[in-house]
Each structure stands twice: as structure tokens, then as C-alpha cells.
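Asks: One file: protein03.cif (mmCIF, C-alpha atoms).
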```cif
data_work
loop_
_atom_site.group_PDB
_atom_site.id
_atom_site.type_symbol
_atom_site.label_atom_id
_atom_site.label_comp_id
_atom_site.auth_asym_id
_atom_site.auth_seq_id
_atom_site.Cartn_x
_atom_site.Cartn_y
_atom_site.Cartn_z
ATOM 1 C CA GLY A 1 9.690 -1.103 10.147
ATOM 2 C CA PRO A 2 7.144 1.071 11.930
ATOM 3 C CA GLY A 3 5.136 3.669 10.100
ATOM 4 C CA VAL A 4 1.926 5.672 10.003
ATOM 5 C CA ALA A 5 -1.257 5.168 7.957
ATOM 6 C CA TRP A 6 -3.937 7.735 7.158
ATOM 7 C CA ALA A 7 -7.386 6.647 5.930
ATOM 8 C CA ARG A 8 -9.804 9.499 5.294
ATOM 9 C CA ILE A 9 -13.136 10.013 3.565
ATOM 10 C CA PHE A 10 -13.712 13.291 1.751
ATOM 11 C CA ASN A 11 -16.635 14.709 -0.234
ATOM 12 C CA GLY A 12 -15.988 14.691 -3.979
ATOM 13 C CA GLN A 13 -14.588 12.207 -6.456
ATOM 14 C CA LYS A 14 -11.219 10.771 -7.472
ATOM 15 C CA SER A 15 -11.023 12.892 -10.625
ATOM 16 C CA ASP A 16 -11.044 16.066 -8.483
ATOM 17 C CA GLY A 17 -7.344 15.343 -7.918
ATOM 18 C CA VAL A 18 -7.051 17.356 -4.713
ATOM 19 C CA TRP A 19 -5.867 14.305 -2.743
ATOM 20 C CA ASP A 20 -2.776 13.663 -4.844
ATOM 21 C CA THR A 21 -0.219 14.730 -2.230
ATOM 22 C CA ALA A 22 0.714 13.481 1.205
ATOM 23 C CA SER A 23 0.107 16.876 2.786
ATOM 24 C CA ALA A 24 -3.440 17.008 1.356
ATOM 25 C CA VAL A 25 -4.249 13.612 2.875
ATOM 26 C CA LYS A 26 -2.729 14.532 6.225
ATOM 27 C CA ASN A 27 -4.846 17.714 6.389
ATOM 28 C CA GLU A 28 -7.847 16.515 8.385
ATOM 29 C CA THR A 29 -9.839 19.744 8.123
ATOM 30 C CA LEU A 30 -11.594 18.661 4.898
ATOM 31 C CA ALA A 31 -12.148 15.031 5.920
ATOM 32 C CA ARG A 32 -15.661 13.793 6.730
ATOM 33 C CA CYS A 33 -14.170 11.059 8.901
ATOM 34 C CA SER A 34 -10.804 9.424 9.273
ATOM 35 C CA ASP A 35 -8.462 7.080 11.037
ATOM 36 C CA VAL A 36 -4.763 7.702 11.627
ATOM 37 C CA ARG A 37 -2.727 4.961 13.215
ATOM 38 C CA ASN A 38 0.776 3.811 13.885
ATOM 39 C CA ILE A 39 1.526 0.602 12.021
ATOM 40 C CA ASP A 40 3.995 -2.073 12.974
ATOM 41 C CA THR A 41 2.797 -5.008 10.880
ATOM 42 C CA VAL A 42 2.360 -5.398 7.143
ATOM 43 C CA THR A 43 -1.378 -6.219 7.150
ATOM 44 C CA GLN A 44 -3.793 -3.709 8.675
ATOM 45 C CA ASN A 45 -7.541 -3.781 9.307
ATOM 46 C CA VAL A 46 -8.996 -0.311 9.598
ATOM 47 C CA LYS A 47 -12.603 0.469 10.449
ATOM 48 C CA ILE A 48 -13.704 4.016 9.753
ATOM 49 C CA GLY A 49 -16.932 4.926 11.520
ATOM 50 C CA GLY A 50 -19.000 7.861 12.663
ATOM 51 C CA CYS A 51 -18.941 9.418 9.204
ATOM 52 C CA GLU A 52 -22.608 10.423 8.893
ATOM 53 C CA LEU A 53 -22.126 10.704 5.132
ATOM 54 C CA GLU A 54 -24.778 12.330 2.998
ATOM 55 C CA PRO A 55 -25.862 10.537 -0.180
ATOM 56 C CA GLY A 56 -23.597 11.403 -3.098
ATOM 57 C CA GLU A 57 -19.983 11.173 -4.188
ATOM 58 C CA HIS A 58 -17.170 10.644 -1.703
ATOM 59 C CA VAL A 59 -13.615 9.364 -1.865
ATOM 60 C CA LEU A 60 -11.630 7.116 0.432
ATOM 61 C CA VAL A 61 -7.968 8.127 0.506
ATOM 62 C CA VAL A 62 -5.304 5.915 2.100
ATOM 63 C CA TYR A 63 -1.678 6.972 2.538
ATOM 64 C CA VAL A 64 1.221 5.260 4.330
ATOM 65 C CA GLU A 65 4.747 6.354 5.140
ATOM 66 C CA ASP A 66 7.485 5.518 7.624
ATOM 67 C CA ASP A 67 7.547 7.137 11.042
ATOM 68 C CA LEU A 68 9.991 9.908 10.028
ATOM 69 C CA GLY A 69 7.214 12.188 8.675
ATOM 70 C CA ARG A 70 8.936 13.232 5.436
ATOM 71 C CA ASP A 71 5.858 12.923 3.149
ATOM 72 C CA ASP A 72 7.738 10.300 1.133
ATOM 73 C CA GLY A 73 5.392 7.342 1.445
ATOM 74 C CA MET A 74 3.324 5.532 -1.143
ATOM 75 C CA PHE A 75 1.392 7.883 -3.439
ATOM 76 C CA PRO A 76 -2.104 8.240 -1.907
ATOM 77 C CA TYR A 77 -4.469 5.437 -2.909
ATOM 78 C CA VAL A 78 -7.849 6.944 -3.863
ATOM 79 C CA ILE A 79 -11.150 5.059 -4.278
ATOM 80 C CA ASP A 80 -14.444 6.599 -5.386
ATOM 81 C CA LEU A 81 -17.379 5.863 -3.068
ATOM 82 C CA MET A 82 -20.969 6.489 -4.154
ATOM 83 C CA LEU A 83 -23.523 6.539 -1.384
ATOM 84 C CA PRO A 84 -26.960 5.979 -2.952
ATOM 85 C CA ALA A 85 -29.638 8.588 -2.402
ATOM 86 C CA GLU A 86 -32.214 6.109 -1.167
ATOM 87 C CA PHE A 87 -31.570 2.991 0.842
ATOM 88 C CA THR A 88 -33.048 1.459 3.945
ATOM 89 C CA ASN A 89 -30.132 -0.806 4.741
ATOM 90 C CA HIS A 90 -26.623 -1.430 3.487
ATOM 91 C CA PHE A 91 -23.656 -3.697 4.068
ATOM 92 C CA THR A 92 -21.069 -2.564 6.564
ATOM 93 C CA ARG A 93 -19.178 -5.792 5.814
ATOM 94 C CA TYR A 94 -19.657 -7.128 2.313
ATOM 95 C CA PRO A 95 -20.829 -10.719 1.842
ATOM 96 C CA GLU A 96 -18.151 -13.376 1.677
ATOM 97 C CA VAL A 97 -18.268 -17.159 1.394
ATOM 98 C CA ILE A 98 -16.915 -18.839 4.521
ATOM 99 C CA GLY A 99 -15.262 -22.212 4.075
ATOM 100 C CA ASP A 100 -15.528 -24.399 1.007
ATOM 101 C CA PRO A 101 -18.778 -24.514 -0.976
ATOM 102 C CA THR A 102 -20.316 -27.946 -1.453
ATOM 103 C CA PRO A 103 -22.880 -29.220 -3.949
ATOM 104 C CA ASP A 104 -25.440 -28.770 -1.163
ATOM 105 C CA GLY A 105 -24.624 -25.120 -0.378
ATOM 106 C CA PHE A 106 -22.292 -22.786 1.447
ATOM 107 C CA THR A 107 -22.120 -20.345 4.351
ATOM 108 C CA LEU A 108 -22.327 -16.635 3.645
ATOM 109 C CA ARG A 109 -21.144 -14.024 6.166
ATOM 110 C CA PHE A 110 -21.958 -10.304 6.065
ATOM 111 C CA THR A 111 -22.833 -7.421 8.350
ATOM 112 C CA ALA A 112 -25.760 -5.124 7.619
ATOM 113 C CA ASN A 113 -26.221 -1.613 8.963
ATOM 114 C CA ALA A 114 -29.737 -2.294 10.294
ATOM 115 C CA MET A 115 -30.303 -4.906 12.980
ATOM 116 C CA SER A 116 -33.318 -6.368 11.188
ATOM 117 C CA GLY A 117 -34.275 -6.703 7.553
ATOM 118 C CA LEU A 118 -34.346 -9.131 4.654
ATOM 119 C CA LEU A 119 -31.613 -10.613 2.492
ATOM 120 C CA TRP A 120 -32.131 -11.898 -1.031
ATOM 121 C CA ALA A 121 -29.428 -13.979 -2.672
ATOM 122 C CA ALA A 122 -29.281 -16.001 -5.869
ATOM 123 C CA VAL A 123 -26.761 -18.538 -7.101
ATOM 124 C CA LEU A 124 -26.405 -18.345 -10.864
ATOM 125 C CA GLY A 125 -24.476 -20.658 -13.138
ATOM 126 C CA PRO A 126 -21.813 -19.452 -15.577
ATOM 127 C CA ASP A 127 -24.259 -19.667 -18.508
ATOM 128 C CA ASP A 128 -27.174 -17.964 -16.722
ATOM 129 C CA PRO A 129 -27.969 -14.462 -17.940
ATOM 130 C CA VAL A 130 -27.211 -11.625 -15.574
ATOM 131 C CA ARG A 131 -30.371 -10.834 -13.604
ATOM 132 C CA ASP A 132 -31.611 -7.606 -12.092
ATOM 133 C CA VAL A 133 -32.624 -6.929 -8.484
ATOM 134 C CA ALA A 134 -36.335 -7.466 -9.223
ATOM 135 C CA TYR A 135 -35.581 -10.978 -10.544
ATOM 136 C CA ILE A 136 -33.517 -11.904 -7.486
ATOM 137 C CA MET A 137 -36.259 -10.647 -5.155
ATOM 138 C CA SER A 138 -38.991 -12.630 -6.948
#
```
Using C-alpha cells, write down the structure that the file contains.

Replies:
Amino acid sequence: GPGVAWARIFNGQKSDGVWDTASAVKNETLARCSDVRNIDTVTQNVKIGGCELEPGEHVLVVYVEDDLGRDDGMFPYVIDLMLPAEFTNHFTRYPEVIGDPTPDGFTLRFTANAMSGLLWAAVLGPDDPVRDVAYIMS
């Protein structure tokens, strides 16, 4: 049936534990940015924007309940987010392989924050050692 979903980003980290109740998640005053929406289908796509987050530790908290407002929905789902101190670009949509890979290659889709820049990617085999960023960029 219909319900309501809250998705909010707060300063701090999951271990702070202050987002463990429905009422804490519903309280927008501490949120850096958020989205609240009525839901009427099982699968939801939510884009949270306009956050202007400072580098450091943040948490994404998601909570859903029915439309009766009794604070009896799923226990809030909390994810730690670390925004690096220095970056010139970042993914707003993480890379994903589109379609089936072939021996000749594959198509990669992503969205970057900046309109121009460079992308480095490497395809490594299962027996290749894990490489660092400097190796991939060489």
C-alpha cells in the first residue's frame, strides 16, 4: 500500500547513534539535505541534491513507513558517507557496465560532477595484483 519515505543526510557518522528512531529521522532541523516523498510502488529512485556538503563525515539515513504516521516503519537504514577533503571531480552516478561485456570490450556509464575532465579505467584479471591509483593513471 501507500507510504512515506524519508532520505536525509546529516553531519556525523553511523556510530553516533542519534538517528536510531523514526522521530529523529523525521526531524529535518539537523539535516544537511533531504527528500521526503509519498511512495506507491515498491522500487523507488531518490535523488538528493543541493546539499553543499563540507568535506568530512556524513550519514545518509533512510526510513519508510505506511501513510498512517505511527513511527512504526522499518528501523532507519544508516550509511556512513565520507566526503574527501580534496577532490576536483567526483561521481554523481557510479560507473556501471551497460549490456553484456564481450572479449572486445564493454560500455561503461557514469555521471561526473564536473562537465569536463579525465577518466582512467583499468581492466584487471582475477590473478592480477590490486593496483593503486598511480598505476591506473600511468

Asks: Rounded to one decimal place, report the CA of Glu65 (chain A)-CA of Ala5 (chain A) distance in Å.

Replies: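 Computing the Euclidean distance for CA of Glu65 (chain A) and CA of Ala5 (chain A) yields 6.7 Å.
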
Asks: CA of Gly12 (chain A) and CA of Asn45 (chain A), how far apart in Å?

Replies: 24.3 Å

Asks: Out of A:Ala7, A:Asn113, A:Thr107, A:His90, which residue has the shortest atom-to-atom distance to Val36 (chain A) when counting only C-alpha atoms?

Replies: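 Of all the options, A:Ala7 lies closest to Val36 (chain A).
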
Asks: Record the distance separating CA of Val42 (chain A) and CA of Leu68 (chain A), expressed in Å with one decimal.

Replies: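 Distance between the two atoms: 17.3 Å.
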
Asks: Quick one: residues within 8 Å of region 46-61 of chain A, all atoms listed in the file counted, chain neighbours fewer than 5 positions away excluded, as a ChimeraX atom specification?

Replies: /A:6-14,19,25,32-35,76-86

Asks: How would the residues just chosen look if you wrote them out with C-alpha atoms as a PDB file, in the coordinates of the input?

Replies:
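The resulting result_0.pdb:
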```pdb
ATOM      1  CA  TRP A   6      -3.937   7.735   7.158  1.00  0.00           C
ATOM      2  CA  ALA A   7      -7.386   6.647   5.930  1.00  0.00           C
ATOM      3  CA  ARG A   8      -9.804   9.499   5.294  1.00  0.00           C
ATOM      4  CA  ILE A   9     -13.136  10.013   3.565  1.00  0.00           C
ATOM      5  CA  PHE A  10     -13.712  13.291   1.751  1.00  0.00           C
ATOM      6  CA  ASN A  11     -16.635  14.709  -0.234  1.00  0.00           C
ATOM      7  CA  GLY A  12     -15.988  14.691  -3.979  1.00  0.00           C
ATOM      8  CA  GLN A  13     -14.588  12.207  -6.456  1.00  0.00           C
ATOM      9  CA  LYS A  14     -11.219  10.771  -7.472  1.00  0.00           C
ATOM     10  CA  TRP A  19      -5.867  14.305  -2.743  1.00  0.00           C
ATOM     11  CA  VAL A  25      -4.249  13.612   2.875  1.00  0.00           C
ATOM     12  CA  ARG A  32     -15.661  13.793   6.730  1.00  0.00           C
ATOM     13  CA  CYS A  33     -14.170  11.059   8.901  1.00  0.00           C
ATOM     14  CA  SER A  34     -10.804   9.424   9.273  1.00  0.00           C
ATOM     15  CA  ASP A  35      -8.462   7.080  11.037  1.00  0.00           C
ATOM     16  CA  PRO A  76      -2.104   8.240  -1.907  1.00  0.00           C
ATOM     17  CA  TYR A  77      -4.469   5.437  -2.909  1.00  0.00           C
ATOM     18  CA  VAL A  78      -7.849   6.944  -3.863  1.00  0.00           C
ATOM     19  CA  ILE A  79     -11.150   5.059  -4.278  1.00  0.00           C
ATOM     20  CA  ASP A  80     -14.444   6.599  -5.386  1.00  0.00           C
ATOM     21  CA  LEU A  81     -17.379   5.863  -3.068  1.00  0.00           C
ATOM     22  CA  MET A  82     -20.969   6.489  -4.154  1.00  0.00           C
ATOM     23  CA  LEU A  83     -23.523   6.539  -1.384  1.00  0.00           C
ATOM     24  CA  PRO A  84     -26.960   5.979  -2.952  1.00  0.00           C
ATOM     25  CA  ALA A  85     -29.638   8.588  -2.402  1.00  0.00           C
ATOM     26  CA  GLU A  86     -32.214   6.109  -1.167  1.00  0.00           C
TER      27      GLU A  86
END
```

Asks: Env of Tyr135 (chain A): 12 Å cut, atoms = all atoms listed in the file, seq-sep filter 6 positions within chain, self excluded. Answer as a PyMOL selection string.

Replies: chain A and resi 120-122+124+129

Asks: Missing atoms in region 7-18 of chain A: fill them in up to all heavy atoms and send the result as a tab-separated table (two decimals), in the coordinates of the input.

Replies:
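Okay, result08.tsv is ready:
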```
chain	number	residue	atom	x	y	z
A	7	ALA	N	-6.23	7.05	6.74
A	7	ALA	CA	-7.39	6.65	5.93
A	7	ALA	C	-8.46	7.70	6.18
A	7	ALA	O	-8.90	7.89	7.31
A	7	ALA	CB	-7.88	5.26	6.32
A	8	ARG	N	-8.85	8.40	5.13
A	8	ARG	CA	-9.80	9.50	5.29
A	8	ARG	C	-10.86	9.44	4.20
A	8	ARG	O	-10.60	9.03	3.08
A	8	ARG	CB	-9.09	10.84	5.20
A	8	ARG	CG	-7.97	11.03	6.21
A	8	ARG	CD	-7.67	12.49	6.37
A	8	ARG	NE	-6.47	12.81	7.11
A	8	ARG	CZ	-6.34	12.79	8.42
A	8	ARG	NH1	-7.35	12.42	9.16
A	8	ARG	NH2	-5.22	13.13	9.00
A	9	ILE	N	-12.06	9.89	4.55
A	9	ILE	CA	-13.14	10.01	3.56
A	9	ILE	C	-13.44	11.49	3.38
A	9	ILE	O	-13.64	12.22	4.35
A	9	ILE	CB	-14.39	9.24	4.01
A	9	ILE	CG1	-14.06	7.74	4.07
A	9	ILE	CG2	-15.56	9.50	3.04
A	9	ILE	CD1	-15.21	6.86	4.53
A	10	PHE	N	-13.44	11.90	2.11
A	10	PHE	CA	-13.71	13.29	1.75
A	10	PHE	C	-14.93	13.35	0.83
A	10	PHE	O	-15.24	12.37	0.14
A	10	PHE	CB	-12.53	13.90	0.97
A	10	PHE	CG	-11.25	13.96	1.75
A	10	PHE	CD1	-10.33	12.92	1.69
A	10	PHE	CD2	-10.94	15.07	2.51
A	10	PHE	CE1	-9.14	12.99	2.39
A	10	PHE	CE2	-9.74	15.15	3.21
A	10	PHE	CZ	-8.84	14.10	3.15
A	11	ASN	N	-15.61	14.48	0.78
A	11	ASN	CA	-16.64	14.71	-0.23
A	11	ASN	C	-15.92	14.91	-1.57
A	11	ASN	O	-14.84	15.47	-1.61
A	11	ASN	CB	-17.46	15.95	0.08
A	11	ASN	CG	-18.36	15.76	1.27
A	11	ASN	OD1	-18.70	14.64	1.63
A	11	ASN	ND2	-18.74	16.84	1.90
A	12	GLY	N	-16.56	14.49	-2.65
A	12	GLY	CA	-15.99	14.69	-3.98
A	12	GLY	C	-15.77	13.39	-4.70
A	12	GLY	O	-16.37	12.37	-4.36
A	13	GLN	N	-14.89	13.40	-5.70
A	13	GLN	CA	-14.59	12.21	-6.46
A	13	GLN	C	-13.11	12.17	-6.81
A	13	GLN	O	-12.42	13.18	-6.74
A	13	GLN	CB	-15.45	12.12	-7.70
A	13	GLN	CG	-15.40	13.32	-8.59
A	13	GLN	CD	-16.45	13.25	-9.69
A	13	GLN	OE1	-16.96	12.20	-10.00
A	13	GLN	NE2	-16.76	14.39	-10.28
A	14	LYS	N	-12.64	10.98	-7.18
A	14	LYS	CA	-11.22	10.77	-7.47
A	14	LYS	C	-10.69	11.75	-8.51
A	14	LYS	O	-9.60	12.28	-8.38
A	14	LYS	CB	-11.04	9.33	-7.95
A	14	LYS	CG	-9.63	8.92	-8.18
A	14	LYS	CD	-9.58	7.44	-8.56
A	14	LYS	CE	-8.16	6.97	-8.77
A	14	LYS	NZ	-8.12	5.54	-9.08
A	15	SER	N	-11.49	12.03	-9.54
A	15	SER	CA	-11.02	12.89	-10.62
A	15	SER	C	-10.80	14.34	-10.18
A	15	SER	O	-10.17	15.12	-10.90
A	15	SER	CB	-12.01	12.85	-11.79
A	15	SER	OG	-13.27	13.33	-11.38
A	16	ASP	N	-11.29	14.71	-8.98
A	16	ASP	CA	-11.04	16.07	-8.48
A	16	ASP	C	-9.55	16.32	-8.30
A	16	ASP	O	-9.09	17.45	-8.40
A	16	ASP	CB	-11.77	16.32	-7.16
A	16	ASP	CG	-13.28	16.34	-7.31
A	16	ASP	OD1	-13.76	16.47	-8.44
A	16	ASP	OD2	-13.96	16.21	-6.28
A	17	GLY	N	-8.80	15.25	-8.00
A	17	GLY	CA	-7.34	15.34	-7.92
A	17	GLY	C	-6.78	16.14	-6.77
A	17	GLY	O	-5.58	16.41	-6.75
A	18	VAL	N	-7.58	16.54	-5.81
A	18	VAL	CA	-7.05	17.36	-4.71
A	18	VAL	C	-6.41	16.51	-3.61
A	18	VAL	O	-5.86	17.06	-2.67
A	18	VAL	CB	-8.14	18.27	-4.10
A	18	VAL	CG1	-8.66	19.24	-5.14
A	18	VAL	CG2	-9.27	17.44	-3.53
```
